[in-house]
Amino acid sequence: MSAPLTLYIIRHGEVHNPDHILYGQMPNFYLSEVGRQQAQAAGKALADKSLVAIYCSPMERTQETSKIIAAELSQSLTPQIDQRLIETYTPHDGTPHAELEKINFDIYTGNEPPYEHPRDIRERLLAFINEKREQHANQAIVAVTHGDIVVSAFMHAKEQPANDIGRTRTQANRIQSLGLPEVYPATASISTLIFSTDDSDEIPSYQYHRPYELS
């Protein structure tokens with residue numbers, strides 16, 4: 001049975017990516033020094049929250065981020081890996097950002113299985129959330145994940161269609177027009193989803209916070 005839950009969903013910190021490529025599910029991409037500082041800022045922002053668990057995707061950058069966050073918390077929590085929080089699976093891994101900018105970073109159009117569409121991301125994200133609403137009823141948890149998974153959570157909270165990730169090849173990212181204060185969730189940003197009822201179909205409230213100033 002579903003129950004109230006507060007979910008702090010966090011994008012990983014900045015990644016060391018000197019070649020400026022879409023690293024996606026490619027291995028061996030780790031946080032930069034700035035990314036580690038961002039993760040620490042996120043941890044400090046959550047230090048006074050009554051958290052019971054912290055989950056992360058299996059990618060190195062999210063595991064790093066979650067461990068840095070956990071070190072700042074007043075509770076002793078060990079990050080747990082959940083495959084449903086992993087980065088999106090597309091055929092564009094390794095593509096330079098300069099090439100993706102030409103298509104508005106639409107990495108989904110034309111995808112065939114096993115590659116993902118936004119609706120696939122929404123499905124696994126909601127499966128994770130629904131499970132945690134039962135497992136952690138009336139509690140608060142953290143999930144460290146990736147940019148488009150955060151966008152999927154935002155679009156769900158804004159009651160947008162499951163296959164809408166906010167951009168297409170002919171339309172630049174429009175999530176800011178839907179209420180996000182930035183053009184895309186910042187690294188180490190904190191999106192708070194609050195479920196306050198037992199309704200399994202409840203649309204959560206949404207709050208966004210970047211816990212550091214841009215330099």
# chains A, B, ... in the order shown; residues from 1 in each chain; ligands from 1

call {"tool": "residues_around", "arguments": {"residues": "A:Leu178", "least_positions_apart": "5", "cutoff": "12 Å", "atoms": "only C-alpha atoms", "output": "list in words"}}
result
Val151, Phe154, Met155, His156, Ala157, Lys158, Glu159, Gln160, Ile165, Gly166, Asn173, Val183, Tyr184 and Tyr206 of chain A

call {"tool": "write_last_selection", "arguments": {"atoms": "C-alpha atoms", "output": "PDB file, in the first residue's frame"}}
result
ATOM      1  CA  VAL A 151      13.761  15.702 -15.470  1.00  0.00           C
ATOM      2  CA  PHE A 154       9.895  16.912 -12.641  1.00  0.00           C
ATOM      3  CA  MET A 155       7.709  16.183 -15.674  1.00  0.00           C
ATOM      4  CA  HIS A 156       5.698  13.675 -13.643  1.00  0.00           C
ATOM      5  CA  ALA A 157       5.151  16.250 -10.910  1.00  0.00           C
ATOM      6  CA  LYS A 158       4.009  18.702 -13.591  1.00  0.00           C
ATOM      7  CA  GLU A 159       1.590  16.069 -14.967  1.00  0.00           C
ATOM      8  CA  GLN A 160       3.227  15.956 -18.387  1.00  0.00           C
ATOM      9  CA  ILE A 165      11.252  14.750 -21.570  1.00  0.00           C
ATOM     10  CA  GLY A 166      10.840  18.451 -22.364  1.00  0.00           C
ATOM     11  CA  ASN A 173      14.500  22.234 -23.708  1.00  0.00           C
ATOM     12  CA  VAL A 183      17.262  25.382 -18.088  1.00  0.00           C
ATOM     13  CA  TYR A 184      18.290  21.904 -16.850  1.00  0.00           C
ATOM     14  CA  TYR A 206       7.929  19.556  -6.283  1.00  0.00           C
TER      15      TYR A 206
END

call {"tool": "residues_around", "arguments": {"residues": "A:Glu72", "least_positions_apart": "4", "cutoff": "7 Å", "atoms": "only C-alpha atoms", "output": "CSV table (one decimal) with C-alpha atoms, in the first residue's frame"}}
result
chain,number,residue,atom,x,y,z
A,40,GLN,CA,29.5,18.1,-0.2
A,43,GLY,CA,25.1,16.8,1.9
A,44,LYS,CA,25.3,19.9,4.0
A,47,ALA,CA,22.4,17.4,7.1
A,68,ILE,CA,30.1,12.3,-0.1

call {"tool": "select_by_dssp", "arguments": {"residues": "stretch 106-148 of chain A", "states": "strand (DSSP E)", "output": "VMD selection string"}}
result
chain A and resid 139 to 145

call {"tool": "closest_residue", "arguments": {"among": "A:Gly35, A:Pro79, A:Pro204, A:Pro18", "to": "A:Ile54", "atoms": "only C-alpha atoms"}}
result
A:Pro79

call {"tool": "closest_residue", "arguments": {"among": "A:Pro185, A:Pro27, A:Pro96, A:Gly13", "to": "A:Gly147", "atoms": "only C-alpha atoms"}}
result
A:Pro185

call {"tool": "closest_residue", "arguments": {"among": "A:Phe105, A:Tyr212, A:Tyr23, A:Phe195", "to": "A:Leu7", "atoms": "only C-alpha atoms"}}
result
A:Phe195
